[in-house]
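**Q** Please see the structure below; I have some questions.
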Amino acid sequence: MIEIILVLALPVTGAAVLALVGHRACAPLVNIVASLCTLVAAAALTIRVVENGPLLALGNQFLVDPFNVFLVALTAFVGFTTAVFSRPYMAIEEQHGRLNPARLRLYHSMFQLFNFTMLLALLTNNVGILWVAMEAATLTTVLLVSLYRTPASLEAAWKYFILCGVGIAQALFGTILLYFAAEKLLGAGGGALLWTELNAVRANLEPTVLSLAFVFLLVGYGTKVGLVPLHNWLPDAHAEGPTPVSAVLSGLLLNVALYAVVRCKILVDGALPGAFARNLMIGFGLLSVVVASFLLSRQKDIKRLFAYSSIEHMGIITFAFGIGGPIANFAGLLHMTVHSLTKSAIFFAAGHAAQKAGTQIMDDIRGLITISPVVGWGLAIGALAILGMPPFGVFASEFLILTSAMREQPWATPFLLIALGVAFAAIFSRVQPMVFGETTAARLPVRPAMMPVFVHLSLVLMLGLWIPPFLADWYRSAAKLIG
Amino acid sequence: MQIGFQLINLFAAILLLLAFAMLAQRRVVSLISLFAAQGLVLAMSTAVVAYTTGQPHLYQSTALTLLLKVFFLPWLLRRLVRKLDVRWEFEGLINVSTTMLIGIVLVVFSFNLAVPISQLASTVTRSTLGIAMACIMLSFLMMITRRKAIPQVIGFLSMENGLFFAATSATYGMPMVVELGIALDVLVGMLILGVFFFQIREQFDSLDLTHLEQLKEHDGEAR
């Protein structure tokens, strides 16, 4: 209980402090400390839930169960490492004259607020508040995407705002329909939007209304997940914003949006006799995987390349939850974790690579291994990990997803395999010359922060070789919950 | 009571009319007035629903709508228009009569879509659900057909009005905590957009969104 309050209050306090004192030399440090405190509180919450089981707090308004607790820990962790990474990264950007103190102040306070919205979306038990938090997440990041104020970044931010705004309006309509169906059983008032209450009566919810509601919810939150064909905002926002923002958008926002979809899917699965929600998710997921992997080879910009790779991986996870069943759900949850860790690590490395080369165009980034071995190796290992090379965690989850696809939806397997192959060819052929090619670029004045990259990648490696028993237990019970 | 239902239907009809008027309106100042009028009608209809059905929390939503959508947001938009010196009359992507025809098709579609839901609804306002969906669709159309930033945002806000109306007619409004959250998001969103307009203006010297089409053209090719 106290942990939940702390997890939510710390980022808000951090944001307030950073906004009020303005940009000082210590601001990046305050940002790190606030994120660290949030991480500690999240860890305490996690320990509490491990010991005592699921938790409903503050008049049932907050819920912590196996499904969201590991996402809370993951979100706080990636938030912390990103704060660590952003300190030297933003210092270099400031030296290059791309940022000034006023914008750094905005960046730091919005970063904390963004963390708050993510944690609120995860912890709330109220489907309406979940919507509010998702919309607030867009609002906090829109000015971060346009932080450099270049024409391209303004365009990306505008697109992000309008597309996600319209998308999330669909999700609001879906939420209204959900409330409409629930209100008949649970009575009007706050109770009818509480997820636990909805879940208890899900078998009696009106099927027609719920199927319509799910379409709106999937399209709405799916826009934020970046599912094809609703993905247009995603590569632009990732490529034009500062790198720490790309890392949290890919590593956190997409996960949390998908979490919202899956929460709704659980309700719809209970209300509808057929596999309506599952089939929709399989369709959207597969389409995203295939389209994104074919678009990968056309990319010239390093951050765009990995943004498309995020769409592909979100497609894989959506597909896995669409198949359902204990194994596919387990794999989906594992993939959410490893993708988030790997992709943020890659963005960290790619950000430094782009800083060294002075451009994000991949043809102009060469020979990272000679200019800076850590950045070169970070990018190379990260790329291999995201491509599903054993022994990394991505291999384990993709393998599980493929085997359950063969068993449950055999027709989909060839598409998945071809897409994974195409993605491999596209990314590997791009990354290899960037890492090993010839270069004339000079060294950077500030040491890069590569620690977070290697921490993330070793966690991914560990998850590929050995999943800690408590984590495996969570995944299993969450997989059972998702059904 | 009977007169209450009549009033609600009347307000719903006015809302639909206003949605069409917004679709056709080319002047940005008049568009803001129409948006404020839409908010006012929405607030009045919510108040009537609150009175006829005895739902006290709807009075709070009425007050919220009045403050936010009738006074604050139109004031903010007018201020922005004055500060940014946006006076132009503007052209949509499609001409007015075609837009209107598409709008009529959308209304028919929304009424059909609403039939199964309103049959299940137990609220007295269920007949207006179709109109609420039509308002959402028309605002959507407005966002698609406009090229300038401010009309697009007004379309976005009027879509939110439509959603609010849908919530009132299907379920007598969402729980208060959610409604407050939504209002907060709309408010913060508008403030951020206000800042954002100045950024766009500073960079492009205009609020014409055709400037914002570089990334699409260059997607994967020149970049």
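Identifiers in the structure tokens: chain A, B, ... in order shown; residue index from 1 per chain; ligand index from 1 in order shown.
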Using only C-alpha atoms, I'd like every residue of chain A that has an atom within 8 Å of chain B; please write them out as a PyMOL selection string.

**A** chain A and resi 128-129+132+135-136+139+143+149-152+154-156+165-166+169+172-173+176+179-180+183+188-190+209+236+298-301+361

**Q** Report as a PyMOL selection string all protein, DNA and RNA residues lying within 8 Å of region 3-17 of chain B, evaluated on only C-alpha atoms, omitting residues in the same chain fewer than 5 positions from it.

**A** chain B and resi 38+41-42+44-45+48-49+52+124-125+127-128+131-132+134-135

**Q** In terms of the shortest atom-to-atom distance over only C-alpha atoms, which of B:Ile150, B:Leu129, B:Ala36, B:Leu18 is closest to Leu73 (chain B)?

**A**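 Answer, going by the shortest atom-to-atom distance: B:Ala36.
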
**Q** Have a look at A:Leu177, A:Ala257, A:Leu122, A:Leu45 and name the one nearest to Ser118 (chain B); count only C-alpha atoms.

**A**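 Among the listed residues, the smallest separation from Ser118 (chain B) belongs to A:Leu177.
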
**Q** CA of Arg447 (chain A) and CA of Gln95 (chain A), how far apart in Å?

**A** 13.1 Å

**Q** Skip Ala353 (chain A) itself and residues of its chain fewer than 4 positions away, then list as a list in words all residues within 9 Å of it, counting only C-alpha atoms.

**A**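 Here the qualifying residues turn out to be Phe348, Ala349, Ala357, Gly358, Thr359, Gln360, Ile365, Leu368, Ser372, Val375, Gly376, Leu379 and Met434 of chain A.
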
**Q** Take the residues just selected and output them with N, CA and C atoms as a CSV table (one decimal), in the first residue's frame.

**A**
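To be explicit, this is the file written out as part-v4.csv:
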chain,number,residue,atom,x,y,z
A,348,PHE,N,20.3,3.2,-27.0
A,348,PHE,CA,21.4,3.9,-26.3
A,348,PHE,C,22.7,3.8,-27.2
A,349,ALA,N,23.0,2.6,-27.7
A,349,ALA,CA,24.2,2.5,-28.5
A,349,ALA,C,24.0,3.3,-29.8
A,357,ALA,N,29.2,9.9,-35.3
A,357,ALA,CA,29.2,10.2,-36.7
A,357,ALA,C,28.7,11.5,-37.1
A,358,GLY,N,27.9,12.2,-36.2
A,358,GLY,CA,27.3,13.5,-36.4
A,358,GLY,C,26.1,13.3,-37.4
A,359,THR,N,25.6,12.2,-37.6
A,359,THR,CA,24.4,12.0,-38.4
A,359,THR,C,23.7,10.7,-38.0
A,360,GLN,N,22.4,10.6,-38.4
A,360,GLN,CA,21.7,9.3,-38.1
A,360,GLN,C,21.6,8.5,-39.4
A,365,ILE,N,27.6,6.3,-41.1
A,365,ILE,CA,28.1,5.8,-39.8
A,365,ILE,C,29.0,4.6,-40.2
A,368,LEU,N,32.5,1.9,-36.2
A,368,LEU,CA,32.4,2.2,-34.8
A,368,LEU,C,33.4,1.5,-33.9
A,372,SER,N,35.2,3.8,-31.2
A,372,SER,CA,34.8,3.5,-29.8
A,372,SER,C,34.4,2.1,-29.7
A,375,VAL,N,30.9,1.3,-27.9
A,375,VAL,CA,29.7,1.6,-28.7
A,375,VAL,C,29.5,0.5,-29.8
A,376,GLY,N,30.6,0.2,-30.5
A,376,GLY,CA,30.6,-0.7,-31.6
A,376,GLY,C,30.1,-2.1,-31.1
A,379,LEU,N,26.4,-2.0,-30.0
A,379,LEU,CA,25.4,-2.1,-31.1
A,379,LEU,C,25.4,-3.4,-31.7
A,434,MET,N,28.3,-0.6,-40.3
A,434,MET,CA,28.4,0.5,-39.3
A,434,MET,C,29.4,0.1,-38.2

**Q** Just the strand (DSSP E) stuff from region 38-165 of chain A, please, per backbone DSSP, written as an MDAnalysis selection string.

**A** chainID A and resid 55:57 62:64

**Q** I need the residues in region 74-294 of chain A that are alpha helix (DSSP H) according to DSSP; give them as an NGL selection string.

**A** :A and (74-95 or 101-123 or 127-145 or 151-186 or 195-200 or 207-225 or 233-240 or 243-248 or 254-271 or 276-294)
